[in-house]
file final.cif (mmCIF, C-alpha atoms)
data_data
#
loop_
_atom_site.label_atom_id
_atom_site.label_comp_id
_atom_site.auth_asym_id
_atom_site.auth_seq_id
_atom_site.Cartn_x
_atom_site.Cartn_y
_atom_site.Cartn_z
CA MET A 165 121.11 117.79 95.93
CA THR A 166 119.92 114.18 95.73
CA LEU A 167 116.17 113.80 95.46
CA PRO A 168 114.35 110.95 97.20
CA THR A 169 112.26 108.49 95.25
CA VAL A 170 108.58 107.90 95.98
CA PHE A 171 105.85 105.36 95.50
CA ILE A 172 102.44 106.98 95.31
CA PRO A 173 98.98 105.42 95.40
CA HIS A 174 97.13 106.98 92.48
CA GLY A 175 93.61 106.32 93.66
CA ALA A 176 90.68 104.90 91.71
CA GLY A 177 90.29 106.30 88.22
CA PRO A 178 89.65 110.06 88.41
CA CYS A 179 88.57 109.81 92.06
CA PHE A 180 90.07 113.16 93.10
CA PHE A 181 88.13 115.11 90.48
CA MET A 182 84.55 113.97 90.98
CA GLU A 183 81.86 113.68 93.61
CA TRP A 184 82.61 110.41 95.37
CA THR A 185 79.48 108.41 96.23
CA ARG A 186 80.87 105.08 97.40
CA GLY A 187 81.30 105.78 101.08
CA PRO A 188 82.12 109.19 102.57
CA ALA A 189 82.41 112.08 100.13
CA ASP A 190 85.86 112.89 101.54
CA THR A 191 87.18 109.33 101.08
CA TRP A 192 90.10 110.50 98.95
CA ALA A 193 90.75 113.83 100.70
CA PRO A 194 93.71 112.72 102.88
CA MET A 195 95.49 111.12 99.93
CA ALA A 196 94.81 114.17 97.79
CA ALA A 197 96.23 116.46 100.47
CA TRP A 198 99.39 114.36 100.67
CA LEU A 199 99.85 114.41 96.91
CA LYS A 200 99.32 118.19 96.83
CA GLY A 201 102.09 118.63 99.39
CA LEU A 202 104.60 116.27 97.79
CA VAL A 203 106.72 118.79 95.89
CA ALA A 204 106.94 121.13 98.86
CA SER A 205 108.20 118.23 100.99
CA LEU A 206 111.20 117.61 98.74
CA PRO A 207 114.67 119.07 99.39
CA GLU A 208 114.38 120.99 96.11
CA ARG A 209 111.88 121.42 93.32
CA PRO A 210 112.39 118.76 90.63
CA LYS A 211 113.49 119.75 87.17
CA ALA A 212 111.57 116.80 85.77
CA ILE A 213 109.52 113.80 86.91
CA LEU A 214 110.00 110.23 85.70
CA VAL A 215 106.86 108.16 86.34
CA VAL A 216 106.51 104.39 86.23
CA SER A 217 102.79 103.62 86.19
CA GLY A 218 100.96 100.37 86.79
CA HIS A 219 98.98 101.02 83.60
CA TRP A 220 101.69 100.63 80.96
CA GLU A 221 103.42 97.34 80.23
CA GLU A 222 105.65 96.36 77.32
CA ALA A 223 107.74 93.32 76.45
CA GLN A 224 110.81 95.44 77.17
CA PHE A 225 111.20 98.64 79.10
CA THR A 226 109.91 101.48 76.93
CA VAL A 227 110.16 105.19 77.58
CA GLY A 228 107.72 107.78 76.29
CA SER A 229 109.59 110.41 74.32
CA GLY A 230 106.87 112.71 73.03
CA GLU A 231 107.14 116.46 73.49
CA ARG A 232 103.43 116.95 74.24
CA PRO A 233 101.85 113.63 75.23
CA GLU A 234 98.08 113.41 75.08
CA LEU A 235 96.02 111.90 77.88
CA ILE A 236 94.76 108.32 77.82
CA PHE A 237 91.43 108.07 79.64
CA ASP A 238 91.86 104.42 80.55
CA TYR A 239 89.09 104.25 83.14
CA TYR A 240 85.48 103.31 82.67
CA GLY A 241 82.07 104.21 84.03
CA PHE A 242 82.95 107.55 85.60
CA PRO A 243 81.16 110.90 85.15
CA GLU A 244 81.40 112.45 81.71
CA HIS A 245 83.35 115.48 82.86
CA THR A 246 86.22 113.27 84.04
CA TYR A 247 86.92 112.44 80.38
CA ARG A 248 87.61 116.12 79.74
CA LEU A 249 90.32 116.54 82.36
CA GLN A 250 93.44 118.32 81.16
CA PHE A 251 97.10 118.08 82.15
CA ALA A 252 99.36 120.05 79.86
CA ALA A 253 102.81 119.41 81.32
CA PRO A 254 105.53 119.10 78.67
CA GLY A 255 107.31 115.88 77.88
CA CYS A 256 111.10 115.79 77.74
CA PRO A 257 112.70 113.89 74.85
CA ALA A 258 116.18 114.60 76.25
CA LEU A 259 115.30 112.93 79.54
CA ALA A 260 113.70 110.03 77.66
CA SER A 261 116.99 109.49 75.84
CA ARG A 262 118.90 109.70 79.11
CA VAL A 263 116.61 107.04 80.62
CA GLN A 264 117.11 104.83 77.60
CA ASP A 265 120.89 105.21 77.79
CA LEU A 266 121.01 104.39 81.52
CA LEU A 267 118.91 101.26 81.10
CA ALA A 268 120.85 100.14 78.04
CA ALA A 269 124.12 100.61 79.89
CA ALA A 270 122.77 98.25 82.56
CA GLY A 271 122.12 95.61 79.91
CA PHE A 272 118.40 96.09 79.38
CA PRO A 273 116.83 96.08 75.93
CA VAL A 274 114.91 99.36 75.89
CA ALA A 275 112.83 101.29 73.37
CA GLN A 276 111.33 104.72 72.96
CA ASP A 277 107.72 105.46 72.05
CA PRO A 278 107.14 109.04 70.86
CA GLU A 279 103.40 108.52 70.32
CA ARG A 280 102.08 107.09 73.57
CA GLY A 281 100.17 109.44 75.86
CA TRP A 282 99.96 109.48 79.63
CA ASP A 283 97.59 107.03 81.31
CA HIS A 284 95.61 107.93 84.42
CA GLY A 285 98.35 106.56 86.66
CA VAL A 286 100.33 109.58 85.48
CA PHE A 287 98.00 112.50 84.88
CA VAL A 288 95.49 111.94 87.68
CA PRO A 289 97.97 112.10 90.59
CA LEU A 290 100.22 114.64 88.88
CA LYS A 291 97.33 117.05 88.47
CA LEU A 292 97.54 117.25 92.27
CA VAL A 293 101.31 117.03 92.61
CA THR A 294 101.98 119.73 89.98
CA PRO A 295 98.69 121.59 89.43
CA GLU A 296 100.39 124.22 87.27
CA ALA A 297 101.71 121.43 85.00
CA ASP A 298 105.02 123.29 84.94
CA ILE A 299 107.42 120.36 85.50
CA ALA A 300 108.37 118.16 82.55
CA VAL A 301 107.15 114.56 82.77
CA VAL A 302 108.42 111.36 81.18
CA GLN A 303 106.78 107.95 81.59
CA LEU A 304 108.58 104.62 81.67
CA SER A 305 106.72 101.37 81.12
CA LEU A 306 106.82 98.30 83.27
CA ARG A 307 108.20 95.11 81.75
CA GLN A 308 105.43 92.60 81.13
CA ASP A 309 107.06 89.85 83.14
CA LEU A 310 106.81 92.09 86.26
CA SER A 311 110.03 90.53 87.54
CA PRO A 312 110.94 92.03 90.91
CA GLU A 313 114.63 91.49 90.20
CA ALA A 314 114.44 93.24 86.83
CA HIS A 315 112.48 96.21 88.15
CA LEU A 316 114.77 96.63 91.13
CA ALA A 317 117.76 96.54 88.76
CA ALA A 318 116.10 99.07 86.46
CA GLY A 319 115.67 101.35 89.45
CA ARG A 320 119.35 100.97 90.34
CA ALA A 321 120.29 101.88 86.78
CA LEU A 322 118.17 105.03 86.96
CA ALA A 323 119.54 106.21 90.31
CA PRO A 324 121.90 108.82 88.76
CA LEU A 325 118.84 110.80 87.72
CA ARG A 326 118.26 111.69 91.36
CA ASP A 327 121.39 113.85 91.30
CA GLU A 328 120.22 115.47 88.07
CA GLY A 329 117.04 116.97 89.48
CA VAL A 330 114.71 114.17 88.40
CA LEU A 331 112.07 112.87 90.80
CA ILE A 332 111.54 109.13 90.24
CA VAL A 333 107.92 108.21 90.99
CA GLY A 334 106.37 104.77 91.10
CA SER A 335 102.60 105.16 90.65
CA GLY A 336 100.35 102.27 91.63
CA MET A 337 98.50 101.07 94.72
CA SER A 338 99.83 99.18 97.73
CA TRP A 339 96.57 97.18 97.72
CA HIS A 340 94.99 96.45 94.35
CA ASN A 341 92.38 93.73 94.41
CA MET A 342 89.33 94.92 92.49
CA ARG A 343 87.12 92.51 94.44
CA GLY A 344 88.85 93.27 97.71
CA PHE A 345 87.65 96.75 98.61
CA THR A 346 85.15 95.70 101.28
CA PRO A 347 85.15 95.45 105.08
CA ALA A 348 86.00 91.76 104.74
CA PHE A 349 89.48 92.80 103.61
CA THR A 350 90.23 95.58 106.09
CA GLU A 351 92.28 93.46 108.50
CA ARG A 352 94.01 91.61 105.69
CA SER A 353 95.01 94.86 103.99
CA ALA A 354 96.35 96.16 107.30
CA ALA A 355 98.44 93.00 107.74
CA PHE A 356 99.89 93.23 104.24
CA ASP A 357 100.55 96.94 104.66
CA ALA A 358 102.34 96.37 107.97
CA TRP A 359 104.54 93.73 106.33
CA LEU A 360 105.29 96.05 103.43
CA ALA A 361 106.19 98.96 105.68
CA ASP A 362 108.55 96.80 107.72
CA ALA A 363 110.12 95.21 104.64
CA LEU A 364 110.91 98.54 103.00
CA VAL A 365 112.64 100.28 105.91
CA GLU A 366 116.03 98.58 106.02
CA PRO A 367 117.96 98.70 102.74
CA THR A 368 120.13 95.67 103.53
CA ARG A 369 117.14 93.35 103.49
CA ARG A 370 114.70 95.29 101.33
CA GLY A 371 115.80 93.85 98.01
CA GLN A 372 115.30 90.24 99.07
CA ALA A 373 112.00 91.08 100.74
CA ILE A 374 110.76 92.59 97.48
CA VAL A 375 111.89 89.55 95.50
CA ASP A 376 109.96 87.37 97.96
CA TRP A 377 106.97 89.72 98.29
CA ALA A 378 104.46 87.02 97.29
CA GLU A 379 105.24 85.21 100.55
CA ALA A 380 103.97 88.15 102.62
CA PRO A 381 100.70 87.86 104.56
CA TYR A 382 97.75 88.05 102.16
CA ALA A 383 100.09 89.01 99.32
CA ARG A 384 98.03 87.49 96.53
CA GLU A 385 94.86 88.93 97.99
CA ALA A 386 96.52 92.33 97.94
CA HIS A 387 97.78 91.83 94.39
CA PRO A 388 96.20 89.01 92.37
CA ARG A 389 98.51 90.41 89.68
CA GLU A 390 101.30 92.73 90.78
CA GLU A 391 101.31 95.41 88.08
CA HIS A 392 100.27 98.02 90.66
CA LEU A 393 103.05 96.97 93.04
CA ALA A 394 105.86 96.74 90.47
CA PRO A 395 106.30 100.55 90.22
CA LEU A 396 107.36 100.39 93.87
CA PHE A 397 110.16 97.99 92.91
CA VAL A 398 111.65 100.62 90.60
CA ALA A 399 111.36 103.41 93.17
CA ALA A 400 112.98 101.22 95.82
CA GLY A 401 115.75 100.09 93.48
CA ALA A 402 116.67 103.68 92.68
CA ALA A 403 117.45 104.23 96.37
CA ALA A 404 118.92 100.79 96.98
CA ASN A 405 121.26 101.78 99.82
CA GLU A 406 118.98 104.22 101.61
CA PRO A 407 116.20 103.63 104.13
CA GLY A 408 112.55 103.75 103.24
CA ARG A 409 109.57 104.93 105.23
CA VAL A 410 105.81 105.23 105.10
CA ASP A 411 105.08 108.72 103.83
CA PHE A 412 101.29 108.33 103.69
CA ARG A 413 98.88 105.86 105.18
CA GLY A 414 95.11 105.95 105.01
CA GLU A 415 92.01 103.82 104.71
CA VAL A 416 90.06 104.06 101.46
CA MET A 417 87.11 101.91 100.46
CA ASP A 418 87.64 99.81 103.61
CA VAL A 419 91.30 98.91 102.98
CA VAL A 420 94.61 100.31 104.18
CA VAL A 421 96.69 101.99 101.48
CA SER A 422 100.16 103.54 101.83
CA GLY A 423 102.69 105.67 99.97
CA PHE A 424 106.43 105.33 100.53
CA ARG A 425 109.57 107.45 100.32
CA PHE A 426 113.11 106.20 99.85
CA GLY A 427 116.12 108.34 100.76
CA GLY A 428 116.04 112.11 101.10
#
call {"tool": "encode", "arguments": {"input": "final.cif", "output": "structure tokens"}}
result
Amino acid sequence: MTLPTVFIPHGAGPCFFMEWTRGPADTWAPMAAWLKGLVASLPERPKAILVVSGHWEEAQFTVGSGERPELIFDYYGFPEHTYRLQFAAPGCPALASRVQDLLAAAGFPVAQDPERGWDHGVFVPLKLVTPEADIAVVQLSLRQDLSPEAHLAAGRALAPLRDEGVLIVGSGMSWHNMRGFTPAFTERSAAFDAWLADALVEPTRRGQAIVDWAEAPYAREAHPREEHLAPLFVAAGAAANEPGRVDFRGEVMDVVVSGFRFGG
């Protein structure tokens, strides 16, 4: 069974695990419900999850290979209890080595890091996706240059994992402008989101659209820097010949945000 790949919006810090006071209290409820239902929506339960988060960048692709990664609370100004969240899923050194081998075979310099923990782009959404923390998790870094071509190619190299029971997850946000979560950006976010949804559907033109993403309507307002979009490039590359679709769409903090599924 071939698993799809997904791009998930991971919210704002620990937003799913606190009382939200900026806007309606249920601002994040639809996204949380979608994340909670993700595993059940798959053709089979994953044996492991490979996550590419917008919060880890290295000069070369680097894969976390620890057996029991700790959590990195890389968010600021949130309630004290959100710095005591737990997510005790195991790592998987064997999968980390498999990821390294696949990327190296595709010509990428790649390293392992057995010490790095999981940032909030990993543990916050996965606490909803796998609340029992019973599926092994491995994290792969972005490459600092954020090259669309390189991240698409990395995804293509990792595609065999989909037939090995590994769910490939890009974790970021389809709109990520820290000054752009206001009503002034609602229409602009909707325009960028509509372009993105259209660009990702057809695999024959998706790759070029991703390479040229900065030419999309309001692209640089959506992503002044594209580290939260680059995980999508990997997820899309890993399903290069299969259609994509919007799997979640909602409005949070006055902007339109979407999650995507490729294949499956």
call {"tool": "axis_aligned_box", "arguments": {"input": "final.cif", "around": "segment 348-367 of chain A", "padding_each_side": "8 Å", "output": "AutoDock Vina command-line options"}}
result
--center_x 102.0 --center_y 95.9 --center_z 105.6 --size_x 48.0 --size_y 24.7 --size_z 21.8
call {"tool": "residues_near_point", "arguments": {"input": "final.cif", "point": "(99.5, 106.0, 105.4)", "cutoff": "10 Å", "atoms": "only C-alpha atoms", "output": "PyMOL selection string"}}
result
chain A and resi 194-195+198+357+361+410-415+420-424
call {"tool": "resolve_selection", "arguments": {"input": "final.cif", "expression": "the PyMOL selection byres ((chain A and resi 181) around 10)", "output": "short mmCIF file (atom, residue, chain, number, x, y, z; two decimals) with C-alpha atoms, in the coordinates of the input"}}
result
data_model
loop_
_atom_site.label_atom_id
_atom_site.label_comp_id
_atom_site.auth_asym_id
_atom_site.auth_seq_id
_atom_site.Cartn_x
_atom_site.Cartn_y
_atom_site.Cartn_z
CA GLY A 177 90.29 106.30 88.22
CA PRO A 178 89.65 110.06 88.41
CA CYS A 179 88.57 109.81 92.06
CA PHE A 180 90.07 113.16 93.10
CA MET A 182 84.55 113.97 90.98
CA GLU A 183 81.86 113.68 93.61
CA TRP A 184 82.61 110.41 95.37
CA TRP A 192 90.10 110.50 98.95
CA ALA A 196 94.81 114.17 97.79
CA PRO A 243 81.16 110.90 85.15
CA HIS A 245 83.35 115.48 82.86
CA THR A 246 86.22 113.27 84.04
CA LEU A 249 90.32 116.54 82.36
CA VAL A 288 95.49 111.94 87.68
CA LYS A 291 97.33 117.05 88.47
CA LEU A 292 97.54 117.25 92.27
#
call {"tool": "residues_around", "arguments": {"input": "final.cif", "residues": "Leu214 of chain A", "least_positions_apart": "4", "cutoff": "6 Å", "atoms": "only C-alpha atoms", "output": "ChimeraX atom specification"}}
result
/A:301-303,332
call {"tool": "atom_distance", "arguments": {"input": "final.cif", "atom1": "atom CA of Gly319 of chain A", "atom2": "atom CA of Arg409 of chain A"}}
result
17.3 Å
call {"tool": "atom_distance", "arguments": {"input": "final.cif", "atom1": "atom CA of Ala258 of chain A", "atom2": "atom CA of Leu199 of chain A"}}
result
26.3 Å
call {"tool": "atom_distance", "arguments": {"input": "final.cif", "atom1": "atom CA of Asp309 of chain A", "atom2": "atom CA of Leu393 of chain A"}}
result
12.8 Å
call {"tool": "closest_residue", "arguments": {"input": "final.cif", "among": "A:Gln224, A:Thr350, A:Ser335, A:Thr368", "to": "Pro289 of chain A", "atoms": "all atoms listed in the file"}}
result
A:Ser335
call {"tool": "closest_residue", "arguments": {"input": "final.cif", "among": "A:Ala321, A:Val419, A:Val286, A:Ala300", "to": "Asp265 of chain A", "atoms": "all atoms listed in the file"}}
result
A:Ala321
call {"tool": "residues_near_point", "arguments": {"input": "final.cif", "point": "(115.5, 116.1, 89.5)", "cutoff": "9 Å", "atoms": "all atoms listed in the file", "output": "compact mmCIF listing (two decimals) with C-alpha atoms, in the coordinates of the input"}}
result
# COMPACT_ATOMS: atom_id res chain seq x y z
CA MET A 165 121.11 117.79 95.93
CA THR A 166 119.92 114.18 95.73
CA LEU A 167 116.17 113.80 95.46
CA GLU A 208 114.38 120.99 96.11
CA ARG A 209 111.88 121.42 93.32
CA PRO A 210 112.39 118.76 90.63
CA LYS A 211 113.49 119.75 87.17
CA ALA A 212 111.57 116.80 85.77
CA ILE A 213 109.52 113.80 86.91
CA LEU A 214 110.00 110.23 85.70
CA LEU A 325 118.84 110.80 87.72
CA ARG A 326 118.26 111.69 91.36
CA ASP A 327 121.39 113.85 91.30
CA GLU A 328 120.22 115.47 88.07
CA GLY A 329 117.04 116.97 89.48
CA VAL A 330 114.71 114.17 88.40
CA LEU A 331 112.07 112.87 90.80
CA ILE A 332 111.54 109.13 90.24
call {"tool": "closest_residue", "arguments": {"input": "final.cif", "among": "A:Gln250, A:Thr294, A:Ser205, A:Thr346", "to": "Ile236 of chain A", "atoms": "all atoms listed in the file"}}
result
A:Gln250
call {"tool": "closest_atom_pairs", "arguments": {"input": "final.cif", "of": "segment 297-397 of chain A", "to": "segment 170-175 of chain A", "cutoff": "7 Å", "atoms": "all atoms listed in the file", "output": "JSON lines"}}
result
{"residue": "A:Ile332", "atom": "CA", "partner": "A:Val170", "partner_atom": "CA", "distance": 6.6}
{"residue": "A:Val333", "atom": "CA", "partner": "A:Val170", "partner_atom": "CA", "distance": 5.0}
{"residue": "A:Gly334", "atom": "CA", "partner": "A:Phe171", "partner_atom": "CA", "distance": 4.5}
{"residue": "A:Ser335", "atom": "CA", "partner": "A:Ile172", "partner_atom": "CA", "distance": 5.0}
{"residue": "A:Gly336", "atom": "CA", "partner": "A:Pro173", "partner_atom": "CA", "distance": 5.1}
{"residue": "A:Met337", "atom": "CA", "partner": "A:Pro173", "partner_atom": "CA", "distance": 4.4}
{"residue": "A:Ser338", "atom": "CA", "partner": "A:Pro173", "partner_atom": "CA", "distance": 6.7}
{"residue": "A:Leu396", "atom": "CA", "partner": "A:Phe171", "partner_atom": "CA", "distance": 5.4}
call {"tool": "closest_residue", "arguments": {"input": "final.cif", "among": "A:Gly228, A:Gly401, A:Pro188, A:Gly201", "to": "Arg320 of chain A", "atoms": "all atoms listed in the file"}}
result
A:Gly401
call {"tool": "residues_around", "arguments": {"input": "final.cif", "residues": "Ala268 of chain A", "least_positions_apart": "6", "cutoff": "10 Å", "atoms": "only C-alpha atoms", "output": "list in words"}}
result
Phe225, Arg262, Val274, Ala275, Ala318 and Ala321 of chain A
